[in-house]
file query.cif (mmCIF, C-alpha atoms (C1' of nucleotides))
data_entry
#
loop_
_atom_site.label_atom_id
_atom_site.label_comp_id
_atom_site.auth_asym_id
_atom_site.auth_seq_id
_atom_site.Cartn_x
_atom_site.Cartn_y
_atom_site.Cartn_z
CA MET T 1 -6.39 -7.49 6.58
CA LYS T 2 -6.58 -7.81 2.85
CA LYS T 3 -4.38 -10.23 0.98
CA ILE T 4 -1.79 -8.57 -1.18
CA MET T 5 -1.90 -11.24 -3.81
CA ASP T 6 -4.72 -13.23 -5.17
CA PHE T 7 -3.64 -16.03 -7.41
CA ALA T 8 -6.86 -17.91 -6.99
CA ASP T 9 -7.45 -17.81 -10.70
CA VAL T 10 -4.02 -18.57 -12.01
CA LYS T 11 -4.77 -22.26 -12.09
CA ALA T 12 -1.35 -23.48 -13.17
CA CYS T 13 0.21 -22.50 -9.86
CA PRO T 14 -0.48 -24.91 -6.97
CA GLU T 15 -1.86 -23.29 -3.88
CA GLN T 16 1.06 -24.15 -1.64
CA PHE T 17 3.36 -22.32 -4.03
CA VAL T 18 1.12 -19.29 -4.04
CA LEU T 19 1.06 -19.26 -0.26
CA ALA T 20 4.82 -19.65 0.04
CA LEU T 21 5.52 -16.87 -2.42
CA ASN T 22 2.95 -14.74 -0.68
CA ASP T 23 4.72 -15.29 2.63
CA THR T 24 8.04 -14.26 1.20
CA LEU T 25 6.65 -11.09 -0.32
CA ASN T 26 4.83 -10.25 2.89
CA VAL T 27 7.99 -10.22 4.98
CA LEU T 28 9.77 -8.01 2.45
CA THR T 29 7.24 -5.42 1.40
CA GLY T 30 6.36 -2.13 2.97
CA LYS T 31 8.58 0.79 3.68
CA TRP T 32 10.28 -0.44 6.81
CA LYS T 33 10.65 -4.23 6.84
CA LEU T 34 13.92 -4.43 4.96
CA PRO T 35 15.55 -1.64 6.94
CA ILE T 36 14.54 -3.37 10.17
CA LEU T 37 15.77 -6.77 9.02
CA GLY T 38 18.94 -5.06 7.81
CA SER T 39 19.48 -3.48 11.19
CA LEU T 40 19.00 -6.81 12.96
CA LEU T 41 21.37 -8.58 10.57
CA PHE T 42 24.18 -6.79 12.39
CA GLY T 43 23.13 -8.45 15.63
CA ILE T 44 20.70 -8.42 18.51
CA LYS T 45 19.22 -5.00 19.10
CA ARG T 46 16.96 -3.12 21.41
CA PHE T 47 14.04 -0.93 20.36
CA THR T 48 15.99 2.28 20.63
CA ASP T 49 19.02 0.81 18.85
CA ILE T 50 16.88 0.05 15.83
CA GLN T 51 15.42 3.54 16.00
CA LYS T 52 18.93 4.94 15.91
CA ASN T 53 19.75 2.88 12.81
CA ILE T 54 16.57 4.09 11.11
CA PRO T 55 16.10 7.65 12.34
CA LYS T 56 13.04 8.40 10.21
CA ILE T 57 10.89 5.59 11.55
CA THR T 58 8.29 6.51 14.14
CA PRO T 59 7.93 4.38 17.28
CA ARG T 60 4.44 3.51 16.13
CA MET T 61 5.69 1.99 12.89
CA LEU T 62 8.66 0.27 14.49
CA SER T 63 6.41 -1.27 17.13
CA LYS T 64 3.86 -2.33 14.51
CA GLU T 65 6.45 -3.81 12.16
CA LEU T 66 8.30 -5.66 14.91
CA LYS T 67 5.02 -7.22 16.02
CA ASP T 68 4.28 -8.18 12.46
CA LEU T 69 7.72 -9.67 11.91
CA GLU T 70 7.44 -11.55 15.21
CA LEU T 71 4.07 -12.96 14.20
CA ASN T 72 5.58 -14.10 10.93
CA GLY T 73 8.44 -15.92 12.61
CA MET T 74 11.11 -13.48 11.51
CA VAL T 75 12.03 -11.91 14.81
CA LYS T 76 12.35 -13.19 18.36
CA ARG T 77 11.42 -10.80 21.17
CA VAL T 78 13.29 -11.54 24.39
CA VAL T 79 12.26 -9.87 27.64
CA TYR T 80 14.78 -9.59 30.47
CA ASP T 81 12.97 -9.14 33.75
CA SER T 82 15.55 -6.78 35.15
CA THR T 83 15.13 -3.24 36.38
CA PRO T 84 14.65 -1.48 34.11
CA VAL T 85 13.10 -4.16 31.98
CA LEU T 86 15.21 -4.82 28.86
CA ILE T 87 13.82 -6.10 25.62
CA GLU T 88 15.92 -7.49 22.83
CA TYR T 89 15.05 -8.31 19.27
CA GLU T 90 16.87 -10.84 17.18
CA LEU T 91 16.40 -12.54 13.85
CA THR T 92 15.23 -16.14 13.70
CA ASP T 93 17.26 -18.69 11.74
CA SER T 94 14.65 -18.54 9.03
CA ALA T 95 15.03 -14.79 8.75
CA LYS T 96 18.79 -15.09 8.46
CA LYS T 97 18.32 -17.39 5.49
CA LEU T 98 16.43 -14.62 3.72
CA SER T 99 19.77 -13.13 2.76
CA ASP T 100 19.99 -15.69 -0.06
CA VAL T 101 16.70 -14.44 -1.46
CA ILE T 102 17.84 -10.85 -1.07
CA ASP T 103 21.04 -11.70 -2.89
CA SER T 104 19.15 -13.09 -5.82
CA MET T 105 16.87 -10.05 -5.86
CA LEU T 106 19.89 -7.80 -5.72
CA ASN T 107 21.59 -9.56 -8.61
CA TRP T 108 18.52 -9.50 -10.77
CA GLY T 109 18.09 -5.82 -9.99
CA LEU T 110 21.66 -5.03 -11.01
CA ASP T 111 21.35 -7.01 -14.24
CA HIS T 112 18.00 -5.47 -15.00
CA ARG T 113 19.38 -1.95 -14.55
CA LYS T 114 22.09 -2.74 -17.06
CA ALA T 115 19.57 -4.23 -19.50
CA VAL T 116 17.27 -1.23 -19.22
CA MET T 117 20.16 1.23 -19.65
CA VAL T 118 21.29 -0.43 -22.85
CA GLY T 119 17.68 -0.57 -23.97
CA MET L 120 4.86 8.65 -6.05
CA LYS L 121 6.35 7.78 -2.74
CA LYS L 122 9.32 5.53 -2.47
CA ILE L 123 8.53 2.19 -0.92
CA MET L 124 11.89 1.82 0.72
CA ASP L 125 14.15 4.31 2.32
CA PHE L 126 17.50 2.92 3.19
CA ALA L 127 19.13 6.32 3.35
CA ASP L 128 20.23 5.69 6.87
CA VAL L 129 21.36 2.14 6.72
CA LYS L 130 24.89 3.22 5.91
CA ALA L 131 26.39 -0.19 5.37
CA CYS L 132 24.44 -0.79 2.19
CA PRO L 133 25.84 0.95 -0.91
CA GLU L 134 23.34 3.04 -2.84
CA GLN L 135 23.48 0.99 -6.03
CA PHE L 136 22.49 -2.09 -4.04
CA VAL L 137 19.62 -0.25 -2.45
CA LEU L 138 18.41 0.90 -5.84
CA ALA L 139 18.70 -2.54 -7.41
CA LEU L 140 16.84 -4.20 -4.54
CA ASN L 141 14.25 -1.46 -4.69
CA ASP L 142 13.75 -2.12 -8.41
CA THR L 143 13.24 -5.82 -7.84
CA LEU L 144 10.69 -5.25 -5.11
CA ASN L 145 8.88 -2.67 -7.21
CA VAL L 146 8.23 -5.08 -10.06
CA LEU L 147 6.94 -7.73 -7.66
CA THR L 148 4.80 -5.89 -5.15
CA GLY L 149 1.20 -4.92 -5.34
CA LYS L 150 -1.78 -7.14 -5.76
CA TRP L 151 -1.60 -7.76 -9.50
CA LYS L 152 1.99 -7.72 -10.77
CA LEU L 153 2.81 -11.36 -10.14
CA PRO L 154 -0.47 -12.64 -11.59
CA ILE L 155 0.15 -10.55 -14.71
CA LEU L 156 3.74 -11.69 -15.08
CA GLY L 157 2.55 -15.23 -14.43
CA SER L 158 -0.03 -14.96 -17.18
CA LEU L 159 2.56 -13.64 -19.64
CA LEU L 160 5.01 -16.39 -18.74
CA PHE L 161 2.76 -18.72 -20.71
CA GLY L 162 3.29 -16.62 -23.83
CA ILE L 163 2.30 -13.48 -25.65
CA LYS L 164 -1.14 -12.27 -24.68
CA ARG L 165 -3.69 -9.63 -25.49
CA PHE L 166 -5.45 -7.41 -22.99
CA THR L 167 -8.57 -9.52 -22.84
CA ASP L 168 -6.59 -12.75 -22.64
CA ILE L 169 -4.89 -11.51 -19.49
CA GLN L 170 -8.26 -10.43 -18.13
CA LYS L 171 -9.54 -13.93 -18.70
CA ASN L 172 -6.58 -15.39 -16.78
CA ILE L 173 -7.18 -13.00 -13.91
CA PRO L 174 -10.95 -12.57 -13.78
CA LYS L 175 -11.01 -10.34 -10.70
CA ILE L 176 -8.79 -7.62 -12.10
CA THR L 177 -10.55 -4.49 -13.37
CA PRO L 178 -9.52 -3.03 -16.73
CA ARG L 179 -8.35 0.06 -14.90
CA MET L 180 -5.88 -1.91 -12.81
CA LEU L 181 -4.74 -4.09 -15.69
CA SER L 182 -4.11 -1.04 -17.83
CA LYS L 183 -2.29 0.74 -15.03
CA GLU L 184 -0.11 -2.23 -14.15
CA LEU L 185 0.76 -3.01 -17.77
CA LYS L 186 1.88 0.60 -18.24
CA ASP L 187 3.91 0.37 -15.09
CA LEU L 188 5.52 -2.90 -16.11
CA GLU L 189 6.25 -1.50 -19.55
CA LEU L 190 7.88 1.58 -18.04
CA ASN L 191 10.03 -0.68 -15.90
CA GLY L 192 11.25 -2.74 -18.83
CA MET L 193 9.29 -5.86 -17.91
CA VAL L 194 6.74 -5.93 -20.69
CA LYS L 195 6.82 -5.09 -24.39
CA ARG L 196 3.65 -3.66 -25.92
CA VAL L 197 3.33 -4.40 -29.61
CA VAL L 198 0.70 -2.66 -31.72
CA TYR L 199 -0.44 -4.27 -34.97
CA ASP L 200 -1.89 -1.63 -37.23
CA SER L 201 -4.56 -3.90 -38.58
CA THR L 202 -8.31 -3.49 -38.48
CA PRO L 203 -9.28 -3.86 -35.80
CA VAL L 204 -6.06 -2.77 -34.17
CA LEU L 205 -4.48 -5.61 -32.18
CA ILE L 206 -2.24 -5.12 -29.22
CA GLU L 207 -0.01 -7.79 -27.77
CA TYR L 208 1.92 -7.91 -24.56
CA GLU L 209 5.00 -10.00 -24.01
CA LEU L 210 7.68 -10.31 -21.37
CA THR L 211 11.13 -8.85 -21.95
CA ASP L 212 14.20 -11.09 -21.55
CA SER L 213 14.89 -9.40 -18.27
CA ALA L 214 11.42 -10.23 -17.02
CA LYS L 215 11.84 -13.86 -17.99
CA LYS L 216 14.97 -14.02 -15.84
CA LEU L 217 12.86 -13.03 -12.84
CA SER L 218 11.77 -16.63 -12.56
CA ASP L 219 15.08 -17.40 -10.82
CA VAL L 220 14.29 -14.80 -8.18
CA ILE L 221 10.77 -16.12 -7.84
CA ASP L 222 12.17 -19.62 -7.43
CA SER L 223 14.38 -18.54 -4.60
CA MET L 224 11.49 -16.70 -2.96
CA LEU L 225 9.32 -19.75 -3.38
CA ASN L 226 11.89 -22.05 -1.82
CA TRP L 227 12.49 -19.76 1.10
CA GLY L 228 8.74 -19.49 1.59
CA LEU L 229 8.31 -23.26 1.64
CA ASP L 230 11.20 -23.71 4.09
CA HIS L 231 9.93 -20.91 6.26
CA ARG L 232 6.47 -22.44 6.45
CA LYS L 233 8.02 -25.70 7.63
CA ALA L 234 10.17 -23.87 10.18
CA VAL L 235 7.23 -21.91 11.55
CA MET L 236 5.04 -25.04 11.76
CA VAL L 237 7.66 -26.90 13.77
CA GLY L 238 8.64 -23.86 15.86
"C1'" DT J 239 11.55 17.43 43.19
"C1'" DA J 240 12.56 17.73 38.47
"C1'" DT J 241 14.36 15.71 34.48
"C1'" DA J 242 15.56 12.09 31.49
"C1'" DG J 243 15.67 7.35 29.45
"C1'" DT J 244 13.27 2.90 27.87
"C1'" DG J 245 9.73 0.83 25.39
"C1'" DC J 246 6.23 1.57 23.98
"C1'" DT J 247 0.44 3.08 22.99
"C1'" DA J 248 -3.40 6.36 21.50
"C1'" DT J 249 -5.58 9.45 18.54
"C1'" DA J 250 -6.00 11.76 14.52
"C1'" DC J 251 -4.52 12.55 10.32
"C1'" DT J 252 -2.65 12.23 5.05
"C1'" DA J 253 -1.29 9.53 1.16
"C1'" DA J 254 -1.10 5.55 -1.64
"C1'" DA J 255 -3.29 1.49 -3.45
"C1'" DG J 256 -7.13 -0.69 -5.10
"C1'" DT J 257 -12.42 -1.07 -6.42
"C1'" DA J 258 -16.84 -0.05 -8.74
"C1'" DT J 259 -19.17 1.47 -12.43
"C1'" DA J 260 -19.85 3.76 -16.47
"C1'" DG J 261 -18.35 5.48 -20.84
"C1'" DT J 262 -15.33 6.08 -25.18
"C1'" DT J 263 -13.53 5.06 -30.01
"C1'" DG J 264 -13.75 2.57 -33.92
"C1'" DG J 265 -14.89 -1.09 -36.79
"C1'" DC J 266 -17.93 -4.90 -37.96
"C1'" DA J 267 -21.74 -8.27 -38.30
"C1'" DA J 268 -26.88 -9.25 -38.40
"C1'" DT W 269 -29.41 0.67 -36.79
"C1'" DT W 270 -28.83 -2.03 -33.14
"C1'" DG W 271 -25.79 -4.20 -30.72
"C1'" DC W 272 -21.28 -6.26 -29.92
"C1'" DC W 273 -16.09 -6.71 -29.44
"C1'" DA W 274 -11.52 -4.84 -28.41
"C1'" DA W 275 -8.83 -2.03 -25.66
"C1'" DC W 276 -9.04 0.80 -23.02
"C1'" DT W 277 -10.21 5.85 -19.99
"C1'" DA W 278 -12.83 8.73 -16.46
"C1'" DT W 279 -14.77 9.64 -12.17
"C1'" DA W 280 -15.77 8.69 -7.74
"C1'" DC W 281 -15.18 5.95 -4.11
"C1'" DT W 282 -13.20 2.68 -0.15
"C1'" DT W 283 -9.39 0.47 2.03
"C1'" DT W 284 -4.74 0.05 3.53
"C1'" DA W 285 -0.31 2.04 4.62
"C1'" DG W 286 2.21 5.37 6.64
"C1'" DT W 287 2.85 10.02 9.38
"C1'" DA W 288 2.52 13.40 13.20
"C1'" DT W 289 2.17 14.38 17.73
"C1'" DA W 290 1.34 13.49 22.27
"C1'" DG W 291 1.44 10.77 26.23
"C1'" DC W 292 2.07 6.72 29.68
"C1'" DA W 293 4.44 3.60 33.29
"C1'" DC W 294 8.37 2.74 35.26
"C1'" DT W 295 13.03 3.68 37.05
"C1'" DA W 296 17.27 6.15 37.69
"C1'" DT W 297 19.90 10.14 38.24
"C1'" DA W 298 20.90 15.32 39.47
#
call {"tool": "encode", "arguments": {"input": "query.cif", "output": "structure tokens"}}
result
Amino acid sequence: MKKIMDFADVKACPEQFVLALNDTLNVLTGKWKLPILGSLLFGIKRFTDIQKNIPKITPRMLSKELKDLELNGMVKRVVYDSTPVLIEYELTDSAKKLSDVIDSMLNWGLDHRKAVMVG
Amino acid sequence: MKKIMDFADVKACPEQFVLALNDTLNVLTGKWKLPILGSLLFGIKRFTDIQKNIPKITPRMLSKELKDLELNGMVKRVVYDSTPVLIEYELTDSAKKLSDVIDSMLNWGLDHRKAVMVG
DNA sequence: TATAGTGCTATACTAAAGTATAGTTGGCAA
DNA sequence: TTGCCAACTATACTTTAGTATAGCACTATA
């Protein structure tokens, strides 16, 4: 996997900051991460529930992205050993706190649109 | 160009919010946008100055990204009709305000790292 | 026995993002 | 007149991201 960012040469920015920023961008970018996080914000969901919220996603991508989000501590995968086996996905506390970041992105985006309109 | 996000089916989120969030992500994602913005945060720069700050970027990518950032109202390109012709790049006011967003991303990233370490 | 639902995986593909390398235009300095 | 600097552009390429389509293992229901 290639790193999205490479700040190695922007000396003024300490490495831990680069890494932290990198982490944040990584859990937000790509076509499907925000929709998935958005779907899970409304509560615990199963694979097919998320698919219903995001009809255009393929099972391959949903599976891949959920794995990725799990690896990055954004999503908890809970397996119920019932018949049939049920699997639930839920956001971690950390992931829930992302909404503050999203708010600030949203507000900047709205302001920026206004600024660009006015020119 | 393909859209990065497609929230069309996450009904709860009004379109203007989707667009604004989309805009914010678009000016942040990709391998080089943050390094370039970071370089310009330290002041007005010329093409080769930015290249010196970010040695690994190719002129093709720098040119492409600067155009993109200009189109998105993040960067102003000023041409001095001197000999030789000088060209300067500087951040717009809107772009400077991005540092608040970046701060919030940074803080979330730092917290998240701690949370994941402990977890 | 056939069909359908759940939670996926496999294979093959296209499209977008990024890299490598060379070349251009124009002036200028040695 | 050779070579260099600035600010790029052109072409070809590789890598990563995302899509399309099919199928599997298991169980329940008709």
call {"tool": "residues_around", "arguments": {"input": "query.cif", "residues": "Phe136 (chain L)", "least_positions_apart": "4", "cutoff": "7 Å", "atoms": "all atoms listed in the file", "output": "list of chain:residue names"}}
result
T:Leu106, L:Cys132, L:Leu140
call {"tool": "residues_around", "arguments": {"input": "query.cif", "residues": "Val75 (chain T)", "least_positions_apart": "4", "cutoff": "10 Å", "atoms": "all atoms listed in the file", "output": "number ranges by chain"}}
result
T: 37, 40, 66-71, 88-96
call {"tool": "resolve_selection", "arguments": {"input": "query.cif", "expression": "the PyMOL selection byres ((chain T and resi 20) around 8)", "output": "PyMOL selection string"}}
result
(chain T and resi 16-19+21-24) or (chain L and resi 224-229+232)
call {"tool": "resolve_selection", "arguments": {"input": "query.cif", "expression": "the PyMOL selection byres ((chain T) within 8 of (chain W))", "output": "count of residues only"}}
result
3
call {"tool": "closest_residue", "arguments": {"input": "query.cif", "among": "L:Asn191, L:Ser201, L:Ser182, L:Thr177", "to": "Leu147 (chain L)", "atoms": "only C-alpha atoms"}}
result
L:Asn191
call {"tool": "closest_atom_pairs", "arguments": {"input": "query.cif", "of": "chain L", "to": "chain J", "cutoff": "12 Å", "atoms": "all atoms listed in the file", "output": "CSV"}}
result
residue,atom,partner,partner_atom,distance
L:Met120,CA,J:DA254,C1',8.0
L:Lys121,CA,J:DA254,C1',7.9
L:Lys122,CA,J:DA254,C1',10.5
L:Ile123,CA,J:DA254,C1',10.2
L:Thr148,CA,J:DA255,C1',11.1
L:Gly149,CA,J:DA255,C1',8.1
L:Lys150,CA,J:DG256,C1',8.4
L:Trp151,CA,J:DG256,C1',10.0
L:Lys175,CA,J:DT257,C1',10.3
L:Ile176,CA,J:DT257,C1',9.4
L:Thr177,CA,J:DT257,C1',8.0
L:Pro178,CA,J:DT257,C1',10.9
L:Arg179,CA,J:DT257,C1',9.5
L:Met180,CA,J:DG256,C1',7.9
L:Leu181,CA,J:DG256,C1',11.4
L:Lys183,CA,J:DG256,C1',11.1
L:Glu184,CA,J:DG256,C1',11.6
L:Ser201,CA,J:DG265,C1',10.9
L:Thr202,CA,J:DG265,C1',7.2
L:Pro203,CA,J:DG265,C1',6.3
L:Val204,CA,J:DG265,C1',9.4
call {"tool": "atom_distance", "arguments": {"input": "query.cif", "atom1": "CA of Ile173 (chain L)", "atom2": "CA of Leu144 (chain L)"}}
result
21.4 Å
call {"tool": "atom_distance", "arguments": {"input": "query.cif", "atom1": "CA of Met74 (chain T)", "atom2": "CA of Pro154 (chain L)"}}
result
25.9 Å
call {"tool": "atom_distance", "arguments": {"input": "query.cif", "atom1": "CA of Lys76 (chain T)", "atom2": "CA of Asp103 (chain T)"}}
result
23.0 Å
call {"tool": "resolve_selection", "arguments": {"input": "query.cif", "expression": "the PyMOL selection byres ((chain T and resi 78) around 6)", "output": "VMD selection string"}}
result
chain T and resid 77 79 87 to 88
call {"tool": "write_last_selection", "arguments": {"input": "query.cif", "atoms": "C-alpha atoms", "output": "compact mmCIF listing (two decimals), in the frame of the given file"}}
result
# COMPACT_ATOMS: atom_id res chain seq x y z
CA ARG T 77 11.42 -10.80 21.17
CA VAL T 79 12.26 -9.87 27.64
CA ILE T 87 13.82 -6.10 25.62
CA GLU T 88 15.92 -7.49 22.83
call {"tool": "closest_residue", "arguments": {"input": "query.cif", "among": "L:Asn145, L:Asp200, L:Ile169, L:His231", "to": "chain T", "atoms": "only C-alpha atoms"}}
result
L:His231
call {"tool": "closest_residue", "arguments": {"input": "query.cif", "among": "T:Glu15, T:Asp111, T:Val118, T:Asp49", "to": "chain L", "atoms": "only C-alpha atoms"}}
result
T:Asp111
call {"tool": "build_atoms", "arguments": {"input": "query.cif", "residues": "region 74-93 of chain T", "atoms": "N, CA and C atoms", "output": "PDB file, in the frame of the given file"}}
result
ATOM      1  N   MET T  74       9.877 -14.080  12.011  1.00  0.00           N
ATOM      2  CA  MET T  74      11.110 -13.480  11.510  1.00  0.00           C
ATOM      3  C   MET T  74      11.979 -12.954  12.637  1.00  0.00           C
ATOM      4  N   VAL T  75      11.340 -12.588  13.716  1.00  0.00           N
ATOM      5  CA  VAL T  75      12.030 -11.910  14.810  1.00  0.00           C
ATOM      6  C   VAL T  75      11.625 -12.554  16.129  1.00  0.00           C
ATOM      7  N   LYS T  76      12.633 -12.728  17.013  1.00  0.00           N
ATOM      8  CA  LYS T  76      12.350 -13.190  18.360  1.00  0.00           C
ATOM      9  C   LYS T  76      12.425 -11.997  19.305  1.00  0.00           C
ATOM     10  N   ARG T  77      11.448 -11.892  20.206  1.00  0.00           N
ATOM     11  CA  ARG T  77      11.420 -10.800  21.170  1.00  0.00           C
ATOM     12  C   ARG T  77      11.743 -11.412  22.527  1.00  0.00           C
ATOM     13  N   VAL T  78      12.850 -10.971  23.129  1.00  0.00           N
ATOM     14  CA  VAL T  78      13.290 -11.540  24.390  1.00  0.00           C
ATOM     15  C   VAL T  78      13.205 -10.485  25.490  1.00  0.00           C
ATOM     16  N   VAL T  79      12.460 -10.820  26.537  1.00  0.00           N
ATOM     17  CA  VAL T  79      12.260  -9.870  27.640  1.00  0.00           C
ATOM     18  C   VAL T  79      13.133 -10.261  28.817  1.00  0.00           C
ATOM     19  N   TYR T  80      13.973  -9.361  29.276  1.00  0.00           N
ATOM     20  CA  TYR T  80      14.780  -9.590  30.470  1.00  0.00           C
ATOM     21  C   TYR T  80      14.111  -8.899  31.633  1.00  0.00           C
ATOM     22  N   ASP T  81      13.750  -9.680  32.644  1.00  0.00           N
ATOM     23  CA  ASP T  81      12.970  -9.140  33.750  1.00  0.00           C
ATOM     24  C   ASP T  81      13.889  -8.476  34.771  1.00  0.00           C
ATOM     25  N   SER T  82      14.656  -7.531  34.302  1.00  0.00           N
ATOM     26  CA  SER T  82      15.550  -6.780  35.150  1.00  0.00           C
ATOM     27  C   SER T  82      14.926  -5.422  35.438  1.00  0.00           C
ATOM     28  N   THR T  83      15.603  -4.609  36.218  1.00  0.00           N
ATOM     29  CA  THR T  83      15.130  -3.240  36.380  1.00  0.00           C
ATOM     30  C   THR T  83      16.201  -2.286  35.884  1.00  0.00           C
ATOM     31  N   PRO T  84      15.896  -1.493  34.869  1.00  0.00           N
ATOM     32  CA  PRO T  84      14.650  -1.480  34.110  1.00  0.00           C
ATOM     33  C   PRO T  84      14.551  -2.670  33.173  1.00  0.00           C
ATOM     34  N   VAL T  85      13.327  -3.032  32.850  1.00  0.00           N
ATOM     35  CA  VAL T  85      13.100  -4.160  31.980  1.00  0.00           C
ATOM     36  C   VAL T  85      13.780  -3.926  30.626  1.00  0.00           C
ATOM     37  N   LEU T  86      14.552  -4.931  30.160  1.00  0.00           N
ATOM     38  CA  LEU T  86      15.210  -4.820  28.860  1.00  0.00           C
ATOM     39  C   LEU T  86      14.538  -5.750  27.878  1.00  0.00           C
ATOM     40  N   ILE T  87      14.423  -5.274  26.655  1.00  0.00           N
ATOM     41  CA  ILE T  87      13.820  -6.100  25.620  1.00  0.00           C
ATOM     42  C   ILE T  87      14.738  -6.131  24.408  1.00  0.00           C
ATOM     43  N   GLU T  88      15.032  -7.343  23.981  1.00  0.00           N
ATOM     44  CA  GLU T  88      15.920  -7.490  22.830  1.00  0.00           C
ATOM     45  C   GLU T  88      15.209  -8.156  21.662  1.00  0.00           C
ATOM     46  N   TYR T  89      15.592  -7.719  20.484  1.00  0.00           N
ATOM     47  CA  TYR T  89      15.050  -8.310  19.270  1.00  0.00           C
ATOM     48  C   TYR T  89      16.172  -8.983  18.494  1.00  0.00           C
ATOM     49  N   GLU T  90      15.883 -10.192  18.029  1.00  0.00           N
ATOM     50  CA  GLU T  90      16.870 -10.840  17.180  1.00  0.00           C
ATOM     51  C   GLU T  90      16.198 -11.610  16.059  1.00  0.00           C
ATOM     52  N   LEU T  91      16.951 -11.813  14.989  1.00  0.00           N
ATOM     53  CA  LEU T  91      16.400 -12.540  13.850  1.00  0.00           C
ATOM     54  C   LEU T  91      16.309 -14.037  14.167  1.00  0.00           C
ATOM     55  N   THR T  92      15.309 -14.683  13.625  1.00  0.00           N
ATOM     56  CA  THR T  92      15.230 -16.140  13.700  1.00  0.00           C
ATOM     57  C   THR T  92      16.156 -16.730  12.636  1.00  0.00           C
ATOM     58  N   ASP T  93      16.413 -18.026  12.736  1.00  0.00           N
ATOM     59  CA  ASP T  93      17.260 -18.690  11.740  1.00  0.00           C
ATOM     60  C   ASP T  93      16.668 -18.531  10.342  1.00  0.00           C
TER      61      ASP T  93
END
